[in-house]
>>> print(open('data_3.csv').read())   # CSV, C-alpha atoms
chain,number,residue,atom,x,y,z
A,1076,MET,CA,-7.0,-25.1,22.2
A,1077,GLY,CA,-6.1,-22.3,24.5
A,1078,GLY,CA,-6.2,-24.5,27.6
A,1079,GLN,CA,-3.1,-22.7,28.9
A,1080,GLY,CA,-4.2,-19.4,27.7
A,1081,PRO,CA,-5.1,-17.6,30.9
A,1082,LYS,CA,-1.8,-18.5,32.5
A,1083,SER,CA,0.3,-17.1,29.7
A,1084,ARG,CA,1.7,-13.6,29.5
A,1085,VAL,CA,0.8,-13.4,25.8
A,1086,GLN,CA,-2.8,-12.4,25.4
A,1087,GLY,CA,-4.6,-12.1,22.2
A,1088,ARG,CA,-6.7,-9.2,23.6
A,1089,ALA,CA,-5.5,-6.9,26.4
A,1090,GLY,CA,-9.0,-6.8,27.8
A,1091,ARG,CA,-9.1,-10.5,28.7
A,1092,ALA,CA,-6.0,-10.4,30.8
A,1093,PRO,CA,-6.7,-10.4,34.5
A,1094,LYS,CA,-5.4,-7.1,35.6
A,1095,ALA,CA,-2.2,-6.8,37.6
A,1096,ALA,CA,-1.6,-10.5,37.7
A,1097,PRO,CA,1.7,-11.1,36.0
A,1098,VAL,CA,2.0,-14.8,36.3
A,1099,PRO,CA,5.6,-15.7,36.8
A,1100,SER,CA,6.8,-17.7,33.9
A,1101,PRO,CA,8.6,-21.0,34.3
A,1102,ARG,CA,11.2,-19.8,31.9
A,1103,THR,CA,12.9,-16.4,31.5
A,1104,LEU,CA,10.5,-15.0,28.9
A,1105,PRO,CA,11.0,-11.6,27.5
A,1106,GLU,CA,8.7,-8.9,28.8
A,1107,LEU,CA,6.4,-7.9,26.0
A,1108,ASP,CA,5.8,-4.2,25.5
A,1109,ARG,CA,2.2,-3.8,26.7
A,1110,ILE,CA,1.7,-0.6,24.8
A,1111,ILE,CA,2.5,-2.2,21.5
A,1112,HIS,CA,1.0,-5.5,22.3
A,1113,GLU,CA,-2.7,-4.5,22.1
A,1114,ARG,CA,-4.1,-5.4,18.7
A,1115,MET,CA,-5.2,-2.0,17.4
A,1116,ARG,CA,-2.0,-0.3,18.6
A,1117,LEU,CA,0.0,-3.1,17.1
A,1118,ALA,CA,-1.8,-2.5,13.8
A,1119,ILE,CA,-1.2,1.2,14.0
A,1120,VAL,CA,2.5,0.8,14.7
A,1121,SER,CA,2.9,-1.9,12.0
A,1122,ALA,CA,1.1,0.3,9.4
A,1123,LEU,CA,3.3,3.3,10.3
A,1124,ALA,CA,6.4,1.2,10.2
A,1125,ALA,CA,5.7,0.4,6.6
A,1126,ASN,CA,5.0,4.1,5.7
A,1127,ALA,CA,6.8,7.4,6.3
A,1128,SER,CA,3.5,8.8,7.5
A,1129,LEU,CA,-0.3,8.2,7.3
A,1130,SER,CA,-3.2,10.5,7.9
A,1131,PHE,CA,-5.9,9.7,10.4
A,1132,ASN,CA,-8.4,8.9,7.6
A,1133,ASP,CA,-5.9,6.6,5.8
A,1134,LEU,CA,-5.3,4.7,9.0
A,1135,LYS,CA,-9.0,4.5,9.7
A,1136,ALA,CA,-9.7,3.1,6.2
A,1137,LEU,CA,-6.7,0.8,6.3
A,1138,LEU,CA,-7.4,-0.7,9.7
A,1139,GLY,CA,-11.2,-0.7,9.3
A,1140,THR,CA,-11.9,0.9,12.6
A,1141,THR,CA,-13.9,3.8,14.0
A,1142,ASP,CA,-12.9,7.4,14.7
A,1143,GLY,CA,-13.2,6.9,18.5
A,1144,ASN,CA,-11.3,3.6,18.6
A,1145,LEU,CA,-8.5,4.9,16.5
A,1146,SER,CA,-8.1,8.2,18.3
A,1147,VAL,CA,-8.0,6.4,21.8
A,1148,HIS,CA,-5.2,4.1,20.7
A,1149,ALA,CA,-3.3,6.7,18.8
A,1150,ARG,CA,-3.3,8.9,21.9
A,1151,ARG,CA,-2.0,6.1,24.0
A,1152,LEU,CA,0.9,5.6,21.5
A,1153,GLU,CA,1.5,9.3,21.5
A,1154,GLU,CA,1.6,9.5,25.3
A,1155,ALA,CA,4.2,6.7,25.2
A,1156,GLY,CA,6.3,8.8,22.8
A,1157,TYR,CA,6.0,6.1,20.0
A,1158,VAL,CA,4.0,8.1,17.6
A,1159,ALA,CA,4.0,11.8,16.7
A,1160,PHE,CA,1.4,13.7,14.8
A,1161,SER,CA,1.1,17.0,13.0
A,1162,LYS,CA,-2.1,18.9,12.3
A,1163,SER,CA,-2.8,21.0,9.3
A,1164,PHE,CA,-5.8,22.3,7.4
A,1165,HIS,CA,-6.7,20.9,4.1
A,1166,GLY,CA,-9.2,23.5,2.9
A,1167,ARG,CA,-11.5,23.6,5.9
A,1168,MET,CA,-10.9,20.1,6.9
A,1169,PRO,CA,-8.4,19.5,9.6
A,1170,ARG,CA,-5.9,16.8,8.6
A,1171,THR,CA,-3.9,14.9,11.2
A,1172,VAL,CA,-0.8,13.0,10.0
A,1173,TYR,CA,0.9,10.4,12.1
A,1174,ARG,CA,4.4,9.1,12.0
A,1175,LEU,CA,6.5,6.7,14.0
A,1176,THR,CA,9.1,8.4,16.3
A,1177,PRO,CA,12.6,6.9,16.4
A,1178,GLU,CA,11.7,5.7,19.9
A,1179,GLY,CA,8.6,4.0,18.5
A,1180,ARG,CA,10.6,2.3,15.8
A,1181,ARG,CA,13.0,1.0,18.4
A,1182,ALA,CA,10.1,-0.2,20.5
A,1183,PHE,CA,8.6,-2.0,17.5
A,1184,GLU,CA,11.9,-3.7,16.7
A,1185,ARG,CA,12.3,-4.7,20.3
A,1186,TYR,CA,8.8,-6.1,20.2
A,1187,LEU,CA,9.6,-8.1,17.1
A,1188,GLY,CA,12.7,-9.4,18.7
A,1189,HIS,CA,10.8,-10.6,21.7
A,1190,LEU,CA,8.2,-12.4,19.5
A,1191,GLU,CA,11.1,-14.1,17.7
A,1192,ALA,CA,12.6,-15.1,21.0
A,1193,LEU,CA,9.3,-16.6,22.0
A,1194,VAL,CA,9.1,-18.6,18.7
A,1195,HIS,CA,12.6,-19.9,19.2
A,1196,GLY,CA,11.9,-20.7,22.8
A,1197,ALA,CA,8.9,-22.8,21.7
A,1198,ARG,CA,10.9,-24.7,19.2
A,1199,ARG,CA,13.6,-25.7,21.7
A,1200,PRO,CA,11.7,-27.3,24.5
B,1056,MET,CA,18.2,-40.4,23.9
B,1057,GLU,CA,14.7,-40.4,25.4
B,1058,ARG,CA,12.3,-37.8,24.2
B,1059,PRO,CA,10.1,-36.4,26.9
B,1060,PRO,CA,6.4,-37.1,26.5
B,1061,LEU,CA,4.6,-34.3,24.8
B,1062,LYS,CA,2.5,-33.5,27.9
B,1063,ALA,CA,5.6,-32.7,29.8
B,1064,VAL,CA,6.3,-29.7,27.6
B,1065,PRO,CA,4.8,-26.7,29.5
B,1066,GLU,CA,3.7,-23.4,28.1
B,1067,PRO,CA,6.2,-22.6,25.3
B,1068,PRO,CA,4.2,-24.1,22.4
B,1069,ALA,CA,1.2,-22.0,23.2
B,1070,LEU,CA,3.3,-18.9,23.7
B,1071,GLY,CA,5.3,-19.7,20.5
B,1072,SER,CA,2.2,-20.3,18.4
B,1073,ARG,CA,0.7,-17.0,19.6
B,1074,ALA,CA,4.0,-15.2,18.9
B,1075,ILE,CA,3.9,-16.7,15.3
B,1076,GLU,CA,0.3,-15.6,15.0
B,1077,ASN,CA,1.3,-12.1,16.1
B,1078,LEU,CA,4.2,-12.0,13.6
B,1079,HIS,CA,1.7,-13.0,10.8
B,1080,PHE,CA,-0.6,-10.2,11.9
B,1081,ILE,CA,2.2,-7.7,11.8
B,1082,ARG,CA,3.4,-8.9,8.4
B,1083,GLU,CA,-0.1,-8.7,6.9
B,1084,THR,CA,-0.7,-5.3,8.3
B,1085,MET,CA,2.6,-4.0,7.0
B,1086,GLU,CA,1.9,-5.5,3.6
B,1087,ARG,CA,-1.5,-4.0,3.4
B,1088,ALA,CA,-0.2,-0.7,4.6
B,1089,SER,CA,2.5,-0.6,2.0
B,1090,ALA,CA,0.2,-1.7,-0.8
B,1091,PHE,CA,-1.9,1.2,0.4
B,1092,THR,CA,0.8,3.7,-0.6
B,1093,ALA,CA,2.8,1.6,-3.1
B,1094,VAL,CA,1.7,3.8,-6.1
B,1095,PRO,CA,4.7,6.0,-6.9
B,1096,GLY,CA,3.9,9.7,-7.1
B,1097,TRP,CA,7.1,11.0,-8.6
B,1098,GLY,CA,7.0,8.0,-11.0
B,1099,GLY,CA,3.6,9.3,-12.1
B,1100,VAL,CA,5.0,12.7,-12.7
B,1101,ALA,CA,7.8,11.2,-14.8
B,1102,MET,CA,5.3,9.2,-16.8
B,1103,GLY,CA,3.3,12.4,-17.3
B,1104,ALA,CA,6.3,14.3,-18.6
B,1105,SER,CA,7.1,11.5,-21.0
B,1106,ALA,CA,3.5,11.6,-22.3
B,1107,LEU,CA,3.7,15.4,-22.9
B,1108,GLY,CA,6.9,14.7,-24.9
B,1109,ALA,CA,5.2,12.1,-26.9
B,1110,ALA,CA,2.3,14.4,-27.6
B,1111,TRP,CA,4.6,17.1,-28.8
B,1112,VAL,CA,6.5,14.6,-31.1
B,1113,SER,CA,3.3,12.9,-32.4
B,1114,ARG,CA,2.0,16.3,-33.7
B,1115,LEU,CA,4.8,16.1,-36.3
B,1116,ALA,CA,3.8,12.6,-37.4
B,1117,ARG,CA,2.8,12.5,-41.1
B,1118,THR,CA,0.9,9.3,-41.2
B,1119,PRO,CA,-1.4,7.5,-38.7
B,1120,GLU,CA,1.2,4.7,-38.6
B,1121,GLU,CA,3.9,7.1,-37.5
B,1122,TRP,CA,1.6,8.6,-34.9
B,1123,LEU,CA,0.7,5.1,-33.6
B,1124,GLY,CA,4.3,4.1,-33.5
B,1125,ILE,CA,5.2,7.2,-31.4
B,1126,TRP,CA,2.4,6.4,-28.9
B,1127,LEU,CA,3.3,2.7,-28.7
B,1128,ALA,CA,6.9,3.6,-27.9
B,1129,GLU,CA,5.6,6.0,-25.2
B,1130,ALA,CA,3.5,3.2,-23.8
B,1131,PHE,CA,6.5,1.0,-23.3
B,1132,LEU,CA,8.6,3.9,-21.9
B,1133,ALA,CA,5.9,4.9,-19.4
B,1134,GLY,CA,5.4,1.3,-18.5
B,1135,ALA,CA,9.1,0.9,-17.8
B,1136,ILE,CA,9.1,4.1,-15.7
B,1137,GLY,CA,6.1,2.9,-13.7
B,1138,VAL,CA,7.5,-0.5,-12.9
B,1139,TRP,CA,10.9,1.0,-12.0
B,1140,ALA,CA,9.2,3.6,-9.7
B,1141,ILE,CA,7.1,1.0,-7.9
B,1142,ALA,CA,10.1,-1.2,-7.4
B,1143,ALA,CA,12.2,1.8,-6.1
B,1144,LYS,CA,9.4,2.9,-3.7
B,1145,ALA,CA,9.1,-0.7,-2.4
B,1146,ARG,CA,12.9,-0.9,-1.9
B,1147,ARG,CA,12.8,2.4,0.0
B,1148,SER,CA,10.2,1.1,2.4
B,1149,ARG,CA,12.4,-1.9,3.0
B,1150,ILE,CA,9.7,-4.4,2.4
B,1151,PRO,CA,9.9,-7.3,-0.1
B,1152,LEU,CA,7.0,-6.1,-2.1
B,1153,PHE,CA,7.3,-8.4,-5.0
B,1154,ALA,CA,6.1,-11.2,-2.9
B,1155,GLY,CA,2.7,-9.6,-2.1
B,1156,PRO,CA,1.2,-6.2,-2.6
B,1157,ALA,CA,3.1,-5.1,-5.7
B,1158,ARG,CA,2.4,-8.4,-7.4
B,1159,ARG,CA,-1.3,-8.0,-6.7
B,1160,PHE,CA,-1.2,-4.5,-8.0
B,1161,LEU,CA,0.5,-5.4,-11.2
B,1162,LEU,CA,-1.8,-8.4,-11.7
B,1163,THR,CA,-4.9,-6.4,-11.4
B,1164,LEU,CA,-3.5,-3.7,-13.6
B,1165,PHE,CA,-2.7,-6.2,-16.3
B,1166,PRO,CA,-6.1,-7.5,-17.7
B,1167,PRO,CA,-7.4,-4.1,-18.8
B,1168,LEU,CA,-4.0,-3.2,-20.3
B,1169,ALA,CA,-4.0,-6.5,-22.3
B,1170,ALA,CA,-7.5,-5.7,-23.5
B,1171,GLY,CA,-6.2,-2.3,-24.6
B,1172,ALA,CA,-3.4,-3.8,-26.5
B,1173,LEU,CA,-5.7,-6.2,-28.4
B,1174,THR,CA,-8.3,-3.5,-29.1
B,1175,THR,CA,-5.5,-1.3,-30.5
B,1176,LEU,CA,-4.4,-4.0,-32.9
B,1177,ALA,CA,-8.0,-4.7,-34.0
B,1178,LEU,CA,-9.0,-1.0,-34.4
B,1179,SER,CA,-5.9,0.0,-36.3
B,1180,ARG,CA,-6.3,-3.0,-38.7
B,1181,ALA,CA,-9.9,-1.9,-39.2
B,1182,GLY,CA,-8.6,1.7,-40.0
B,1183,ALA,CA,-10.5,3.1,-37.0
B,1184,SER,CA,-7.5,4.5,-35.2
B,1185,ALA,CA,-9.4,7.7,-34.5
B,1186,ALA,CA,-11.1,5.9,-31.6
B,1187,LEU,CA,-7.8,4.9,-30.0
B,1188,PRO,CA,-7.2,7.9,-27.7
B,1189,GLY,CA,-10.6,7.5,-26.1
B,1190,ILE,CA,-10.2,3.7,-25.8
B,1191,TRP,CA,-6.7,4.0,-24.3
B,1192,LEU,CA,-7.8,6.5,-21.7
B,1193,LEU,CA,-10.9,4.5,-20.8
B,1194,LEU,CA,-9.0,1.2,-20.4
B,1195,TYR,CA,-6.0,2.7,-18.6
B,1196,GLY,CA,-8.5,4.4,-16.2
B,1197,THR,CA,-10.2,1.0,-15.7
B,1198,ALA,CA,-6.8,-0.5,-14.9
B,1199,VAL,CA,-6.0,2.2,-12.4
B,1200,VAL,CA,-9.4,1.9,-10.7
B,1201,THR,CA,-9.1,-1.9,-10.3
B,1202,GLY,CA,-5.4,-1.9,-9.5
B,1203,GLY,CA,-5.9,0.9,-7.0
B,1204,ALA,CA,-8.8,-0.8,-5.2
B,1205,PHE,CA,-6.5,-1.5,-2.2
B,1206,ALA,CA,-4.6,1.8,-2.4
B,1207,VAL,CA,-5.2,5.2,-0.9
B,1208,ARG,CA,-8.4,6.6,-2.3
B,1209,ILE,CA,-6.7,9.2,-4.5
B,1210,VAL,CA,-5.5,6.4,-6.8
B,1211,PRO,CA,-8.9,5.1,-7.9
B,1212,VAL,CA,-10.1,8.7,-8.1
B,1213,MET,CA,-7.3,9.3,-10.6
B,1214,GLY,CA,-8.5,6.2,-12.5
B,1215,VAL,CA,-12.0,7.6,-12.7
B,1216,GLY,CA,-10.6,10.8,-14.1
B,1217,PHE,CA,-8.9,8.9,-16.9
B,1218,MET,CA,-12.2,7.0,-17.6
B,1219,LEU,CA,-14.2,10.2,-17.8
B,1220,LEU,CA,-11.7,11.8,-20.1
B,1221,GLY,CA,-11.7,8.7,-22.3
B,1222,ALA,CA,-15.5,8.7,-22.4
B,1223,VAL,CA,-15.5,12.3,-23.5
B,1224,ALA,CA,-12.7,11.7,-26.1
B,1225,LEU,CA,-14.7,8.9,-27.7
B,1226,PHE,CA,-17.4,11.4,-28.7
B,1227,CYS,CA,-15.2,14.3,-29.7
B,1228,PRO,CA,-13.7,15.1,-33.1
B,1229,PRO,CA,-10.8,12.8,-33.9
B,1230,SER,CA,-8.5,15.7,-34.4
B,1231,TRP,CA,-8.6,16.3,-30.7
B,1232,GLY,CA,-7.2,12.9,-29.9
B,1233,THR,CA,-3.6,14.0,-29.3
B,1234,ALA,CA,-4.8,16.8,-27.0
B,1235,PHE,CA,-6.8,14.3,-25.0
B,1236,LEU,CA,-3.8,12.0,-24.6
B,1237,ALA,CA,-1.7,15.0,-23.5
B,1238,ALA,CA,-4.4,16.0,-21.0
B,1239,GLY,CA,-4.8,12.5,-19.6
B,1240,PHE,CA,-1.5,10.7,-19.7
B,1241,GLY,CA,0.4,14.0,-19.3
B,1242,GLY,CA,-1.9,16.2,-17.2
B,1243,LEU,CA,-3.6,13.8,-14.9
B,1244,HIS,CA,-0.4,11.8,-14.2
B,1245,ILE,CA,1.5,15.0,-13.2
B,1246,VAL,CA,-1.3,16.5,-11.1
B,1247,PHE,CA,-2.1,13.3,-9.2
B,1248,GLY,CA,1.6,12.3,-9.1
B,1249,ILE,CA,2.4,15.5,-7.2
B,1250,LEU,CA,-0.5,15.0,-4.8
B,1251,ILE,CA,0.5,11.3,-4.2
B,1252,ALA,CA,4.2,12.2,-3.8
B,1253,ARG,CA,3.5,15.0,-1.3
B,1254,ARG,CA,1.1,13.0,0.8
B,1255,TYR,CA,2.5,9.5,0.7
B,1256,GLY,CA,6.2,9.9,0.5
B,1257,GLY,CA,7.5,9.8,-3.1
>>> encode(input="data_3.csv", output="C-alpha cells")
Amino acid sequence: MGGQGPKSRVQGRAGRAPKAAPVPSPRTLPELDRIIHERMRLAIVSALAANASLSFNDLKALLGTTDGNLSVHARRLEEAGYVAFSKSFHGRMPRTVYRLTPEGRRAFERYLGHLEALVHGARRP
Amino acid sequence: MERPPLKAVPEPPALGSRAIENLHFIRETMERASAFTAVPGWGGVAMGASALGAAWVSRLARTPEEWLGIWLAEAFLAGAIGVWAIAAKARRSRIPLFAGPARRFLLTLFPPLAAGALTTLALSRAGASAALPGIWLLLYGTAVVTGGAFAVRIVPVMGVGFMLLGAVALFCPPSWGTAFLAAGFGGLHIVFGILIARRYGG
C-alpha cells in the first residue's frame, strides 16, 4: 500500500509532497491543477459546483472545518479567480456568500477530466 | 498473447486508484452539498398557498367528514407539490439526486408522516377529530426536523416551528383548529419557503 506514493504526482495531501520536486512521469500524465487538488479546496469547489451559492457558515458546517482553515483556503481559491464572494449584513452579522466563477467551473471540469484520464490510463497498462 | 507480469506495471494503478478515490470524494461532497440545499423554497411557498386555500374552503364545511376530506385532499396536493419541487430543484442542479440525498430525505420524512396517517384514521374513528390539527402539525414538524437533519439549519428550525405550533394547538379550543392549520401549513411554509428560496436558490 502506497509504496509508490512519494514518487507519484498525485498526493492525498498537499503538505506531504516534497516541495518543488515534480518527478517526471514515465507516461504523459495530465498536469493536475494544484489549486483545486488540495483536499479542503477540492471540497469547497465541489460543494459550490453543486449549489448556486453557499454562505461561509454553510460551508463551514457542511465541510466540518474551522473558520481559520476555511477562510485560508477560500482566499486561495479567490486569488486564483475560481471563487467569488459577496458580503452583506444580516442584521448586525456580516454574511459572506461564495459562488464558483465561470473560470472556477471550467477549472473544476478540467480537473475532473484529468482524474478520468488517470483512471483510464490505469486501466490500460 | 503474453500478459506482462503484474510487477512490470509501473505507477498507473496507484495513480488510477487515487484518482478513483478523489472522484469518490468529489461525488460524496457534491451529494452532501446538494442534500444540504435540496429543500425547495418556492415549492414550500406553493404548498403554503395551497394550505391557505384549503383553510378557506374548509371553513365552509358542514360536517367533520367534509372538513377532513378537504384537508386530506390538501395533504395529497401539497405532497405532490413537494415531491415535484424537490425533483425540479434536483434537476436544475444537474445532479442525479434520486440515487442519494433526495431518497434519504424522503425516507426520513416518511415514518412520521405514516404515523400521522394512521393516527388520523384512529382518531377520526374514535370521534376525536378535534385533536387532528395539533397532531398533524406536531408530526409534520417531526418529519421536517428528522428529514432536515442533513439540510441547512433553517429547515430543522422550520420543523421545530411546526412542532411548537402543534403542541400549542393540542391544548387550545378545537374551534381554533383550522386557524392553526392555516398558520402552520400556510404561514410557516410561506415564510420559511421565501427565506430558503432567497438564500439557497429556489
>>> closest_residue(input="data_3.csv", among="B:Phe1091, B:Trp1126, B:Phe1226, B:Trp1231", to="B:Ala1204", atoms="all atoms listed in the file")
B:Phe1091
>>> residues_around(input="data_3.csv", residues="A:Tyr1157", least_positions_apart="3", cutoff="8 Å", atoms="all atoms listed in the file", output="ChimeraX atom specification")
/A:1152-1154,1175-1180,1182
>>> write_last_selection(input="data_3.csv", atoms="C-alpha atoms", output="PDB file, in the frame of the given file")
ATOM      1  CA  LEU A1152       0.900   5.600  21.500  1.00  0.00           C
ATOM      2  CA  GLU A1153       1.500   9.300  21.500  1.00  0.00           C
ATOM      3  CA  GLU A1154       1.600   9.500  25.300  1.00  0.00           C
ATOM      4  CA  LEU A1175       6.500   6.700  14.000  1.00  0.00           C
ATOM      5  CA  THR A1176       9.100   8.400  16.300  1.00  0.00           C
ATOM      6  CA  PRO A1177      12.600   6.900  16.400  1.00  0.00           C
ATOM      7  CA  GLU A1178      11.700   5.700  19.900  1.00  0.00           C
ATOM      8  CA  GLY A1179       8.600   4.000  18.500  1.00  0.00           C
ATOM      9  CA  ARG A1180      10.600   2.300  15.800  1.00  0.00           C
ATOM     10  CA  ALA A1182      10.100  -0.200  20.500  1.00  0.00           C
TER      11      ALA A1182
END
>>> closest_residue(input="data_3.csv", among="A:Arg1167, A:His1189, A:Arg1114, A:Lys1162", to="A:Asn1144", atoms="all atoms listed in the file")
A:Arg1114
>>> interface_residues(input="data_3.csv", of="chain A", to="chain B", cutoff="6 Å", atoms="only C-alpha atoms", output="list of chain:residue names")
A:Ser1121, A:Ala1122, A:Ala1125, A:Leu1190, A:Leu1193, A:Val1194, A:Ala1197
>>> atom_distance(input="data_3.csv", atom1="atom CA of B:Trp1122", atom2="atom CA of B:Leu1219")
23.3 Å
>>> residues_around(input="data_3.csv", residues="A:Val1172", least_positions_apart="5", cutoff="9 Å", atoms="all atoms listed in the file", output="ChimeraX atom specification")
/A:1128-1132,1159-1163
>>> atom_distance(input="data_3.csv", atom1="atom CA of B:Ile1136", atom2="atom CA of B:Ala1109")
14.3 Å
>>> residues_near_point(input="data_3.csv", point="(-11.5, 9.3, -19.3)", cutoff="7 Å", atoms="all atoms listed in the file", output="PyMOL selection string")
chain B and resi 1192-1193+1196+1215-1223
>>> closest_residue(input="data_3.csv", among="B:Leu1168, B:Thr1163, B:Phe1240, B:Pro1229", to="B:Ala1133", atoms="only C-alpha atoms")
B:Phe1240
